[in-house]
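All remarks here apply to the structure that follows.
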Amino acid sequence: MLAERGHFDDGRAAGAPRLLAGEPACAERWLSEAPAAARTEGRTGHVSWHDDGRWLHGSACIEVSGGARLREDTRALYADLFEVLRQRGDLHLLKVWNYLPHINAELDGLEVYRHFNIGRQQAFLDAGQRAFEGAPAACALGHHEGPLSVHFLAGRQAPRPIENPRQVSAYHYPSSYGPRSPTFSRAALVSLAPGEETLFISGTASIVGHRTLHAGDVGAQTAETLRNLEAVIASAHAQTSARFDLRTMDLTVYLRDPADRAAVEAVLAASLGADAPGLRGALWLHADICRTDLLVEIEAQGSAPT
Ligand code: 3EB
C-alpha cells in the first residue's frame, strides 16, 4: 500500500479542500500492490470502496442542508462506512479524512463542526465501534463549495492508538467545545506491509491541554504544532521499534489563509531543515480549521522498518 502525492486531475475532488493554487485537490491516492485478481470494488449506500484483500479505501459524499439534517446525514454516512467494514470481514478503521462545507458556520444555532461531531459519535456508538480510546486517526477541515466528503482507509489488523501527553484526548474534550466530543485518536500505528509499520498522525494544531494557544500568531501556532507532532512521535516510539522522523514523513499543511504560507514554511524549515524531503514534498491545502482561532493544522504519515 503506497501513498502517491501530488495533484491528480482524474480523481473526484468534490468537497475537497483546494490546493493553494486554487484547484480543488485530489492530492493523494492510495495504490495497491496486490494483483488485480485479488481486488474487489463496490458501493454500499453512500460509500464507494476498493478492497485489495488487505486494505480497503473508501469515499463518500453527501450534500448537507440544515443542522438536524447535517447530524442525521453524518450519522447515515458513517453508518454506511461501518456497514462496508462489517460486510468485508470486520475490518478496522485506520484513518479518516473529513471535509465539511462551511465548517465554522452556524446552522440552527450550532456550529457545523459541532453538528458533525454529534452525528459522527452517534454512528460510532450505534455500530459498536470504539468512539473514545481506540478511535481511528482523523482530520476534519472545511471548504467553501461542495458536499460533506469523507475518505478512509481500513485494514485487517487493529491499529494501535497513540495519544499525546501534551494534549487532552480529543474524545475527552470538555463540552464547551460542543455537546459531543470529536471521535479520533492523535495517531494510529499499523503494519501495512511485513517488517514495516506506518504511523498516521491526525490533524495536529496549536492546542495544549484542550486550549488553543497563540491565537492570531500563525508562526507561533506552527511551532506549537511541531511540538505536538514530535510528542506524538515520541509516544509512538514507546509502542514500537520502528523509528519515525518528521523530516521524512508525508506532510499535509492546511492553511486558513493562503497568505500565511511563507510564515509557516519559514518555521517548518527552521525546525526540519529547508531540504527535508517531508517539507519539500508537503501538500499545501487551503482549508478552514475546525476552531475559528486556529490558522494552521498539519497531518503526517510515514512508514519505517520495525
Ligand atoms: C484538535 O486537535 C484539532 O474532528 O476529526 C484535528 C484532527 C482536529 C481531527 C476531527 C479535529 C479532528 O482538536 C482539530
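To be explicit about the labels: the chains of the C-alpha cells are called A, B, and onward in the order shown, and within each one the residues are counted from 1, while ligands get numbers from 1 in the order they are shown.
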
Thr74 (chain A) environment, 7 Å, only C-alpha atoms, sequence neighbours closer than 6 positions dropped, as a ChimeraX atom specification:
/A:116,119-120

Counting only C-alpha atoms and all ligand atoms, what residues are within 8 Å of ligand 1, given as an mmCIF file with N, CA and C atoms, in the first residue's frame?
data_model
loop_
_atom_site.group_PDB
_atom_site.id
_atom_site.type_symbol
_atom_site.label_atom_id
_atom_site.label_comp_id
_atom_site.auth_asym_id
_atom_site.auth_seq_id
_atom_site.Cartn_x
_atom_site.Cartn_y
_atom_site.Cartn_z
ATOM 1 N N VAL A 96 -9.229 8.535 8.838
ATOM 2 C CA VAL A 96 -10.380 9.157 8.175
ATOM 3 C C VAL A 96 -10.052 10.613 7.866
ATOM 4 N N TRP A 97 -10.334 11.029 6.630
ATOM 5 C CA TRP A 97 -10.207 12.441 6.222
ATOM 6 C C TRP A 97 -11.632 12.985 6.075
ATOM 7 N N ASN A 98 -11.993 13.974 6.890
ATOM 8 C CA ASN A 98 -13.350 14.548 6.861
ATOM 9 C C ASN A 98 -13.267 15.972 6.320
ATOM 10 N N TYR A 113 -19.317 22.103 12.541
ATOM 11 C CA TYR A 113 -18.412 21.076 13.081
ATOM 12 C C TYR A 113 -19.028 20.360 14.286
ATOM 13 N N ASN A 117 -19.893 16.478 14.784
ATOM 14 C CA ASN A 117 -19.387 15.647 15.886
ATOM 15 C C ASN A 117 -20.493 14.838 16.551
ATOM 16 N N ALA A 137 -7.289 7.451 13.642
ATOM 17 C CA ALA A 137 -6.707 8.773 13.368
ATOM 18 C C ALA A 137 -7.643 9.490 12.391
ATOM 19 N N ALA A 138 -7.644 10.815 12.427
ATOM 20 C CA ALA A 138 -8.545 11.561 11.530
ATOM 21 C C ALA A 138 -8.077 12.995 11.363
ATOM 22 N N CYS A 139 -8.699 13.658 10.425
ATOM 23 C CA CYS A 139 -8.605 15.114 10.355
ATOM 24 C C CYS A 139 -10.003 15.605 9.991
ATOM 25 N N ALA A 140 -10.282 16.853 10.277
ATOM 26 C CA ALA A 140 -11.579 17.449 9.920
ATOM 27 C C ALA A 140 -11.325 18.891 9.530
ATOM 28 N N LEU A 141 -11.586 19.200 8.273
ATOM 29 C CA LEU A 141 -11.304 20.532 7.729
ATOM 30 C C LEU A 141 -12.527 21.035 6.992
ATOM 31 N N ALA A 170 -8.858 14.150 22.385
ATOM 32 C CA ALA A 170 -9.982 14.896 21.792
ATOM 33 C C ALA A 170 -11.330 14.295 22.203
ATOM 34 N N PRO A 182 -15.132 15.198 19.646
ATOM 35 C CA PRO A 182 -14.647 14.667 18.371
ATOM 36 C C PRO A 182 -14.175 13.217 18.561
ATOM 37 N N THR A 183 -14.336 12.418 17.507
ATOM 38 C CA THR A 183 -14.024 10.997 17.607
ATOM 39 C C THR A 183 -12.759 10.690 16.818
ATOM 40 N N PHE A 184 -11.610 10.859 17.458
ATOM 41 C CA PHE A 184 -10.347 10.463 16.816
ATOM 42 C C PHE A 184 -9.253 10.309 17.850
ATOM 43 N N ARG A 186 -4.991 10.676 18.476
ATOM 44 C CA ARG A 186 -3.941 11.572 17.974
ATOM 45 C C ARG A 186 -3.122 10.921 16.870
ATOM 46 N N SER A 202 -2.925 12.232 13.158
ATOM 47 C CA SER A 202 -4.132 13.017 12.873
ATOM 48 C C SER A 202 -3.786 14.478 12.634
ATOM 49 N N GLY A 203 -4.729 15.208 12.109
ATOM 50 C CA GLY A 203 -4.595 16.654 12.028
ATOM 51 C C GLY A 203 -4.158 17.181 13.386
ATOM 52 N N THR A 204 -3.095 17.995 13.391
ATOM 53 C CA THR A 204 -2.491 18.445 14.646
ATOM 54 C C THR A 204 -2.372 19.959 14.595
ATOM 55 N N ALA A 205 -2.702 20.599 15.702
ATOM 56 C CA ALA A 205 -2.758 22.061 15.705
ATOM 57 C C ALA A 205 -2.168 22.601 17.000
ATOM 58 N N SER A 206 -2.292 23.909 17.175
ATOM 59 C CA SER A 206 -1.702 24.596 18.322
ATOM 60 C C SER A 206 -2.638 24.514 19.524
ATOM 61 N N ILE A 207 -2.808 23.304 20.016
ATOM 62 C CA ILE A 207 -3.664 23.063 21.179
ATOM 63 C C ILE A 207 -2.813 22.393 22.241
ATOM 64 N N HIS A 210 -6.567 21.385 26.455
ATOM 65 C CA HIS A 210 -7.648 21.424 25.442
ATOM 66 C C HIS A 210 -7.774 22.813 24.840
ATOM 67 N N ILE A 289 -9.978 25.536 9.483
ATOM 68 C CA ILE A 289 -9.639 24.617 10.560
ATOM 69 C C ILE A 289 -10.862 24.589 11.489
ATOM 70 N N CYS A 290 -10.999 23.517 12.273
ATOM 71 C CA CYS A 290 -12.266 23.315 12.978
ATOM 72 C C CYS A 290 -12.489 24.263 14.160
ATOM 73 N N ARG A 291 -11.469 25.001 14.602
ATOM 74 C CA ARG A 291 -11.709 26.058 15.597
ATOM 75 C C ARG A 291 -11.375 27.378 14.916
ATOM 76 N N GLU A 297 -3.113 23.666 10.490
ATOM 77 C CA GLU A 297 -3.200 22.295 11.011
ATOM 78 C C GLU A 297 -2.312 21.439 10.112
#

Counting only C-alpha atoms, which residue out of A:Pro174, A:Pro35, A:Gly45, A:Gly281 sits closest to Ala76 (chain A)?
A:Gly45

Per DSSP on the backbone, what are the alpha helix (DSSP H) residues of region 42-106 of chain A, as a PyMOL selection string?
chain A and resi 67-87

Just N, CA, C and O atoms for this one: save the residues we selected as a PDB file, in the first residue's frame.
ATOM      1  N   GLY A  67     -29.216  22.007  10.166  1.00  0.00           N
ATOM      2  CA  GLY A  67     -28.453  21.445  11.270  1.00  0.00           C
ATOM      3  C   GLY A  67     -28.845  20.026  11.642  1.00  0.00           C
ATOM      4  O   GLY A  67     -28.002  19.137  11.718  1.00  0.00           O
ATOM      5  N   ALA A  68     -30.158  19.801  11.879  1.00  0.00           N
ATOM      6  CA  ALA A  68     -30.595  18.458  12.270  1.00  0.00           C
ATOM      7  C   ALA A  68     -30.324  17.484  11.125  1.00  0.00           C
ATOM      8  O   ALA A  68     -29.913  16.345  11.346  1.00  0.00           O
ATOM      9  N   ARG A  69     -30.533  17.959   9.893  1.00  0.00           N
ATOM     10  CA  ARG A  69     -30.241  17.126   8.723  1.00  0.00           C
ATOM     11  C   ARG A  69     -28.759  16.784   8.646  1.00  0.00           C
ATOM     12  O   ARG A  69     -28.381  15.669   8.297  1.00  0.00           O
ATOM     13  N   LEU A  70     -27.899  17.769   8.959  1.00  0.00           N
ATOM     14  CA  LEU A  70     -26.455  17.524   8.904  1.00  0.00           C
ATOM     15  C   LEU A  70     -26.055  16.438   9.894  1.00  0.00           C
ATOM     16  O   LEU A  70     -25.275  15.533   9.572  1.00  0.00           O
ATOM     17  N   ARG A  71     -26.608  16.511  11.102  1.00  0.00           N
ATOM     18  CA  ARG A  71     -26.295  15.458  12.086  1.00  0.00           C
ATOM     19  C   ARG A  71     -26.736  14.098  11.561  1.00  0.00           C
ATOM     20  O   ARG A  71     -26.013  13.106  11.644  1.00  0.00           O
ATOM     21  N   GLU A  72     -27.952  14.079  11.015  1.00  0.00           N
ATOM     22  CA  GLU A  72     -28.509  12.819  10.520  1.00  0.00           C
ATOM     23  C   GLU A  72     -27.735  12.309   9.295  1.00  0.00           C
ATOM     24  O   GLU A  72     -27.456  11.115   9.169  1.00  0.00           O
ATOM     25  N   ASP A  73     -27.363  13.241   8.393  1.00  0.00           N
ATOM     26  CA  ASP A  73     -26.601  12.851   7.197  1.00  0.00           C
ATOM     27  C   ASP A  73     -25.233  12.291   7.589  1.00  0.00           C
ATOM     28  O   ASP A  73     -24.752  11.315   7.006  1.00  0.00           O
ATOM     29  N   THR A  74     -24.590  12.934   8.559  1.00  0.00           N
ATOM     30  CA  THR A  74     -23.279  12.453   9.018  1.00  0.00           C
ATOM     31  C   THR A  74     -23.423  11.057   9.615  1.00  0.00           C
ATOM     32  O   THR A  74     -22.619  10.151   9.329  1.00  0.00           O
ATOM     33  N   ARG A  75     -24.460  10.892  10.431  1.00  0.00           N
ATOM     34  CA  ARG A  75     -24.691   9.576  11.050  1.00  0.00           C
ATOM     35  C   ARG A  75     -24.939   8.525   9.979  1.00  0.00           C
ATOM     36  O   ARG A  75     -24.387   7.433  10.009  1.00  0.00           O
ATOM     37  N   ALA A  76     -25.750   8.886   8.963  1.00  0.00           N
ATOM     38  CA  ALA A  76     -26.075   7.922   7.896  1.00  0.00           C
ATOM     39  C   ALA A  76     -24.835   7.577   7.082  1.00  0.00           C
ATOM     40  O   ALA A  76     -24.619   6.412   6.714  1.00  0.00           O
ATOM     41  N   LEU A  77     -24.013   8.582   6.785  1.00  0.00           N
ATOM     42  CA  LEU A  77     -22.795   8.332   6.014  1.00  0.00           C
ATOM     43  C   LEU A  77     -21.867   7.382   6.786  1.00  0.00           C
ATOM     44  O   LEU A  77     -21.364   6.394   6.242  1.00  0.00           O
ATOM     45  N   TYR A  78     -21.648   7.671   8.062  1.00  0.00           N
ATOM     46  CA  TYR A  78     -20.786   6.799   8.873  1.00  0.00           C
ATOM     47  C   TYR A  78     -21.416   5.423   9.090  1.00  0.00           C
ATOM     48  O   TYR A  78     -20.703   4.422   9.207  1.00  0.00           O
ATOM     49  N   ALA A  79     -22.753   5.354   9.144  1.00  0.00           N
ATOM     50  CA  ALA A  79     -23.399   4.034   9.278  1.00  0.00           C
ATOM     51  C   ALA A  79     -23.072   3.191   8.055  1.00  0.00           C
ATOM     52  O   ALA A  79     -22.778   1.988   8.164  1.00  0.00           O
ATOM     53  N   ASP A  80     -23.091   3.804   6.846  1.00  0.00           N
ATOM     54  CA  ASP A  80     -22.722   3.076   5.623  1.00  0.00           C
ATOM     55  C   ASP A  80     -21.256   2.651   5.672  1.00  0.00           C
ATOM     56  O   ASP A  80     -20.905   1.539   5.276  1.00  0.00           O
ATOM     57  N   LEU A  81     -20.399   3.554   6.141  1.00  0.00           N
ATOM     58  CA  LEU A  81     -18.966   3.236   6.258  1.00  0.00           C
ATOM     59  C   LEU A  81     -18.780   1.989   7.147  1.00  0.00           C
ATOM     60  O   LEU A  81     -18.073   1.036   6.773  1.00  0.00           O
ATOM     61  N   PHE A  82     -19.440   1.976   8.288  1.00  0.00           N
ATOM     62  CA  PHE A  82     -19.279   0.829   9.187  1.00  0.00           C
ATOM     63  C   PHE A  82     -19.907  -0.435   8.608  1.00  0.00           C
ATOM     64  O   PHE A  82     -19.443  -1.544   8.876  1.00  0.00           O
ATOM     65  N   GLU A  83     -20.950  -0.265   7.796  1.00  0.00           N
ATOM     66  CA  GLU A  83     -21.558  -1.431   7.137  1.00  0.00           C
ATOM     67  C   GLU A  83     -20.568  -2.038   6.132  1.00  0.00           C
ATOM     68  O   GLU A  83     -20.459  -3.264   6.023  1.00  0.00           O
ATOM     69  N   VAL A  84     -19.836  -1.191   5.404  1.00  0.00           N
ATOM     70  CA  VAL A  84     -18.798  -1.697   4.496  1.00  0.00           C
ATOM     71  C   VAL A  84     -17.770  -2.507   5.292  1.00  0.00           C
ATOM     72  O   VAL A  84     -17.415  -3.630   4.903  1.00  0.00           O
ATOM     73  N   LEU A  85     -17.310  -1.962   6.398  1.00  0.00           N
ATOM     74  CA  LEU A  85     -16.297  -2.659   7.197  1.00  0.00           C
ATOM     75  C   LEU A  85     -16.823  -4.020   7.656  1.00  0.00           C
ATOM     76  O   LEU A  85     -16.104  -5.022   7.616  1.00  0.00           O
ATOM     77  N   ARG A  86     -18.100  -4.045   8.072  1.00  0.00           N
ATOM     78  CA  ARG A  86     -18.705  -5.292   8.551  1.00  0.00           C
ATOM     79  C   ARG A  86     -18.788  -6.314   7.420  1.00  0.00           C
ATOM     80  O   ARG A  86     -18.346  -7.458   7.558  1.00  0.00           O
ATOM     81  N   GLN A  87     -19.323  -5.859   6.263  1.00  0.00           N
ATOM     82  CA  GLN A  87     -19.505  -6.777   5.120  1.00  0.00           C
ATOM     83  C   GLN A  87     -18.185  -7.350   4.625  1.00  0.00           C
ATOM     84  O   GLN A  87     -18.133  -8.470   4.134  1.00  0.00           O
TER      85      GLN A  87
END

Write down as a ChimeraX atom specification the residues belonging to region 23-268 of chain A that are assigned strand (DSSP E or B) by DSSP computed on the backbone.
/A:24,28-31,40-44,47-51,55-62,92-101,106-107,110-111,137-143,148-155,160-162,167,185,187-193,196-204,207-209,211-212,250-255

Skip Ser48 (chain A) itself and residues of its chain fewer than 5 positions away, then list as a PyMOL selection string all residues within 10 Å of it, counting only C-alpha atoms.
chain A and resi 41-43+57-61+80-81+84+151

Using the selection just defined, write its residues with N, CA, C and O atoms as a tab-separated table (two decimals), in the first residue's frame.
chain	number	residue	atom	x	y	z
A	41	GLU	N	-14.24	-4.17	-5.86
A	41	GLU	CA	-14.74	-2.83	-5.56
A	41	GLU	C	-16.24	-2.86	-5.51
A	41	GLU	O	-16.88	-3.80	-6.01
A	42	GLY	N	-16.81	-1.87	-4.88
A	42	GLY	CA	-18.26	-1.85	-4.79
A	42	GLY	C	-18.77	-0.56	-4.21
A	42	GLY	O	-18.01	0.37	-3.96
A	43	ARG	N	-20.06	-0.56	-4.03
A	43	ARG	CA	-20.70	0.60	-3.44
A	43	ARG	C	-21.72	0.12	-2.41
A	43	ARG	O	-22.50	-0.80	-2.68
A	57	HIS	N	-9.94	1.08	0.80
A	57	HIS	CA	-10.05	2.53	0.73
A	57	HIS	C	-11.48	2.87	0.33
A	57	HIS	O	-12.03	2.25	-0.58
A	58	GLY	N	-12.08	3.82	0.99
A	58	GLY	CA	-13.44	4.20	0.65
A	58	GLY	C	-13.63	5.70	0.67
A	58	GLY	O	-12.86	6.44	1.31
A	59	SER	N	-14.66	6.15	-0.06
A	59	SER	CA	-15.01	7.57	-0.11
A	59	SER	C	-16.53	7.70	-0.11
A	59	SER	O	-17.22	6.86	-0.70
A	60	ALA	N	-17.01	8.76	0.48
A	60	ALA	CA	-18.45	9.03	0.46
A	60	ALA	C	-18.67	10.53	0.44
A	60	ALA	O	-17.89	11.29	1.01
A	61	CYS	N	-19.73	10.94	-0.22
A	61	CYS	CA	-20.09	12.34	-0.31
A	61	CYS	C	-21.57	12.47	0.02
A	61	CYS	O	-22.35	11.59	-0.32
A	80	ASP	N	-23.09	3.80	6.85
A	80	ASP	CA	-22.72	3.08	5.62
A	80	ASP	C	-21.26	2.65	5.67
A	80	ASP	O	-20.90	1.54	5.28
A	81	LEU	N	-20.40	3.55	6.14
A	81	LEU	CA	-18.97	3.24	6.26
A	81	LEU	C	-18.78	1.99	7.15
A	81	LEU	O	-18.07	1.04	6.77
A	84	VAL	N	-19.84	-1.19	5.40
A	84	VAL	CA	-18.80	-1.70	4.50
A	84	VAL	C	-17.77	-2.51	5.29
A	84	VAL	O	-17.42	-3.63	4.90
A	151	HIS	N	-13.24	10.34	3.43
A	151	HIS	CA	-12.38	9.34	2.79
A	151	HIS	C	-11.73	8.53	3.91
A	151	HIS	O	-11.42	9.07	4.97

Could you check how far CA of Ser149 (chain A) sits from CA of Gly178 (chain A), in Å to one decimal?
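Result for CA of Ser149 (chain A) versus CA of Gly178 (chain A): 21.1 Å, one decimal.
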
Name the closest residue to Arg130 (chain A) among the candidates A:Val112, A:Val267, A:Leu93, A:Ile162; distances are taken between atoms, counting only C-alpha atoms.
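Smallest separation from Arg130 (chain A) among the options: A:Leu93.
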
What's around region 245-259 of chain A at 8 Å? Count only C-alpha atoms, leave out sequence neighbours fewer than 5 positions away in its own chain, and write the answer as a tab-separated table (two decimals) with C-alpha atoms, in the first residue's frame.
chain	number	residue	atom	x	y	z
A	20	LEU	CA	-3.13	26.88	-2.58
A	229	LEU	CA	3.76	16.32	16.28
A	230	GLU	CA	7.11	15.48	17.96
A	233	ILE	CA	6.04	10.56	17.51
A	272	LEU	CA	13.06	20.42	9.94
A	273	GLY	CA	15.69	21.89	7.58
A	276	ALA	CA	13.88	17.96	4.46
A	277	PRO	CA	12.08	15.65	2.00
A	278	GLY	CA	8.91	15.91	4.09
A	279	LEU	CA	8.89	19.68	3.71
A	281	GLY	CA	7.06	17.17	-0.73
A	282	ALA	CA	4.48	18.71	1.59
A	283	LEU	CA	0.97	19.24	0.27
A	284	TRP	CA	-0.27	22.76	0.97
A	285	LEU	CA	-4.04	22.95	1.10
A	286	HIS	CA	-6.37	25.87	1.69
A	287	ALA	CA	-8.98	24.89	4.26
A	288	ASP	CA	-10.80	26.17	7.30
A	289	ILE	CA	-9.64	24.62	10.56
A	294	LEU	CA	-6.71	28.04	14.59
A	295	LEU	CA	-4.84	29.19	11.48
A	296	VAL	CA	-2.86	26.06	10.63
A	297	GLU	CA	-3.20	22.29	11.01
A	298	ILE	CA	-0.65	19.68	9.94
A	299	GLU	CA	-1.04	15.95	9.44
A	300	ALA	CA	1.77	13.49	8.87
A	301	GLN	CA	2.08	9.88	7.80
A	302	GLY	CA	5.06	7.67	7.23
A	303	SER	CA	6.41	4.15	7.29

Find the residues around Thr40 (chain A) up to 8 Å (only C-alpha atoms counted), leave out those fewer than 6 positions away in its own chain, and share them as an NGL selection string.
:A and (50-53)

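Between Ala266 (chain A) and the residues A:Thr222, A:Asn104, A:Ser185, A:Thr292, the shortest atom-to-atom distance, using only C-alpha atoms, involves A:Thr222.
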